[in-house]
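Working notes, beginning with the structure itself.
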Amino acid sequence: MVVAKTKRTQKIFKTRKAMSVDYEKITTKRPLPTGREISFGESEIIVSKTDLRGVITYANDVFVRVSGYTEEELLGEPHSILRHPAMPRCVFYLLWQTLAAEQEIFAYVLNMAKNGDEYWVFAHVTPSYDLSGKLIGYHSNRRVPSPEALAKVRPLYASLLAEEAKFSSHKEGMTSSFNAVLKLLSDNKITYSQFVFSLAGQTKLENSIR
Ligand SMILES: Cc1cc2nc3c(=O)[nH]c(=O)nc-3n(C[C@H](O)[C@H](O)[C@H](O)COP(=O)(O)O)c2cc1C
């Protein structure tokens with residue numbers, strides 16, 4: 001699951017670093033979290049597409065409605081426009097590591113709407129290719145997570161966030177929380193994908209993450 005940094009991976013990380021968003025500097029533009037939770041329909045899918053840097057190139061009507069942004073406000077913005085401060089950094093690190101290796105990933109994500117309200121999604125993110133097989137961006141479909149999964153994800157993410165907060169350096173905090181995830185997986189002899197799908201109903205990991 002941990003992907004060795006090939007030249008291509010390094011290039012993707014370098015490109016992203018060059019355009020990464022400094023949340024501390026832009027807090028005036030960002031909403032403050034209201035702590036109010038919103039949701040969307042079980043049969044609905046929030047869809048977005050991005051370029052290779054994670055800049056939004058497509059947003060469906062459900063995405064527009066739930067996020068509270070207009071289509072114009074979303075297109076051209078980095079996907080981190082939705083980033084909720086309660087999301088552990090290690091989740092996004094894993095997401096980008098996996099995408100850089102041209103693999104798909106499923107993940108639970110807490111997002112923040114334009115007015116600061118929050119909503120949980122179960123996201124499936126995949127690489128997109130053109131007809132010649134060239135990687136041209138990423139695509140994400142998101143559904144409403146089950147209450148069973150969320151009951152386990154909330155405390156897990158809270159503990160990962162607390163781990164990250166122990167460090168003054170974002171990078172060190174992220175490394176430490178990422179190692180905590182790796183330990184959880186290796187202690188349970190389970191892959192990340194098995195872990196993610198176990199959250200929705202099975203109890204194999206229940207004791208580890210409570
Ligand atoms: C296709 C795709 C969809 C994404 N969807 C989200 C999302 O819904 N919410 C989110 O916070 N980040 C999402 N991300 C990750 C962001 O690009 C970003 O890594 C994350 O918000 C953390 O911000 P940072 O990398 O600037 O720290 C997505 C990335 C891709 C490629």
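Ligands are numbered from 1 in the order shown, residues from 1 within each chain, and chains are lettered A, B, ... in the order they appear in the structure tokens.
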Item to complete: Identify, with DSSP run on backbone atoms, the residues in range 17-147 of chain A assigned to helix (DSSP H, G or I), and express the list as a PyMOL selection string.
Response: chain A and resi 17-18+61-67+71-74+79-82+89-100+147
Discussion item. Could you pull out the strand (DSSP E) residues of range 73-130 of chain A, going by DSSP on the backbone, and write them as a VMD selection string?
Written reply: chain A and resid 105 to 112 118 to 129
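Neighbouring residues of Met112 in chain A at 10 Å or closer, counting only C-alpha atoms and skipping chain neighbours under 6 positions away, are Arg30, Pro31, Leu32, Pro33, Thr34, Gly35, Arg36, Glu37, Ile38, Val66, Ser67, Gly68, Ser80, Ile81, Leu82, Arg83, His84, Pro85, Ala86, Glu118, Tyr119 and Trp120 of chain A.
Selecting all polymer residues at most 6 Å from ligand 1, using only C-alpha atoms and all ligand atoms, gives Ser20, Val21, Lys49, Thr50, Gly54, His79, Ser80, Leu82, Arg83, Phe92, Asn111, Val125, Tyr138, His139 and Ser140 of chain A.
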Now that the selection is made, can you save its residues with C-alpha atoms as a PDB file, in the first residue's frame?
```
ATOM      1  CA  SER A  20      -0.721  23.985  -2.210  1.00  0.00           C
ATOM      2  CA  VAL A  21      -3.037  26.132  -0.161  1.00  0.00           C
ATOM      3  CA  LYS A  49     -13.344  15.706 -11.814  1.00  0.00           C
ATOM      4  CA  THR A  50      -9.956  17.333 -11.343  1.00  0.00           C
ATOM      5  CA  GLY A  54      -6.485  18.361  -7.851  1.00  0.00           C
ATOM      6  CA  HIS A  79     -10.418  20.529  -4.257  1.00  0.00           C
ATOM      7  CA  SER A  80      -9.118  21.606  -0.868  1.00  0.00           C
ATOM      8  CA  LEU A  82     -13.902  21.823   0.760  1.00  0.00           C
ATOM      9  CA  ARG A  83     -11.258  20.786   3.272  1.00  0.00           C
ATOM     10  CA  PHE A  92      -5.108  13.010   2.014  1.00  0.00           C
ATOM     11  CA  ASN A 111     -16.172  18.161   3.877  1.00  0.00           C
ATOM     12  CA  VAL A 125     -11.416   8.392  -6.425  1.00  0.00           C
ATOM     13  CA  TYR A 138      -8.921  12.234 -11.466  1.00  0.00           C
ATOM     14  CA  HIS A 139     -12.594  11.482 -10.973  1.00  0.00           C
ATOM     15  CA  SER A 140     -14.494  11.119  -7.722  1.00  0.00           C
TER      16      SER A 140
END
```
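The closest residue to Arg53 in chain A, picked from A:Ala180, A:Ala100, A:Ala107, A:Cys90 and counting only C-alpha atoms, is A:Ala100.
Interatomic distance, CA of Leu99 in chain A against CA of Gly137 in chain A: 9.6 Å.
Distance annotation: of A:Thr70, A:Lys166, A:Gln97, A:Arg143, the residue with the minimal separation from Gly41 in chain A is A:Arg143; atom set is only C-alpha atoms.
Each of A:Val153, A:Pro78, A:Val62, A:Val144 was checked against Phe195 in chain A using only C-alpha atoms; the smallest atom-to-atom distance is that of A:Val153.
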Discussion item. List as a PyMOL selection string the protein and nucleic acid residues near Glu77 in chain A, meaning an atom at most 9 Å away when only C-alpha atoms are counted, but skip any in the same chain fewer than 5 places from it.
Written reply: chain A and resi 54-57
Any chance you could export the current selection's N, CA and C atoms as a CSV table (one decimal), in the first residue's frame?
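Just written: again.csv:
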```csv
chain,number,residue,atom,x,y,z
A,54,GLY,N,-5.4,18.3,-8.8
A,54,GLY,CA,-6.5,18.4,-7.9
A,54,GLY,C,-7.3,19.6,-8.0
A,55,VAL,N,-7.2,20.3,-9.1
A,55,VAL,CA,-8.0,21.5,-9.4
A,55,VAL,C,-9.3,21.0,-10.1
A,56,ILE,N,-10.4,21.5,-9.6
A,56,ILE,CA,-11.7,21.0,-10.0
A,56,ILE,C,-12.0,21.5,-11.5
A,57,THR,N,-12.3,20.5,-12.3
A,57,THR,CA,-12.7,20.8,-13.7
A,57,THR,C,-14.1,20.4,-14.1
```
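Excluding Ala158 in chain A itself and any same-chain residue fewer than 2 positions from it, the protein and nucleic acid residues within 12 Å of it, counting only C-alpha atoms, are Pro85, Ala86, Met87, Pro88, Arg89, Leu110, Leu150, Ala151, Lys152, Val153, Arg154, Pro155, Leu156, Leu160, Leu161, Ala162, Glu163, Glu164, Ala165, Ser177, Ile209 and Arg210 of chain A.
Among the candidate residues A:Ser48, A:Tyr93, A:Thr191, A:Leu131, the one lying nearest to Lys171 in chain A is A:Tyr93, with distances computed using only C-alpha atoms.
With only C-alpha atoms as the atoms that count, the residue of A:Leu185, A:Val47, A:Leu52, A:Leu74 with the shortest distance to Arg142 in chain A is A:Val47.
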Fill in: Non-local contacts of Glu71 in chain A (9 Å; only C-alpha atoms; under 3 positions in same chain excluded) as a ChimeraX atom specification
/A:58-61,63-64,74-75
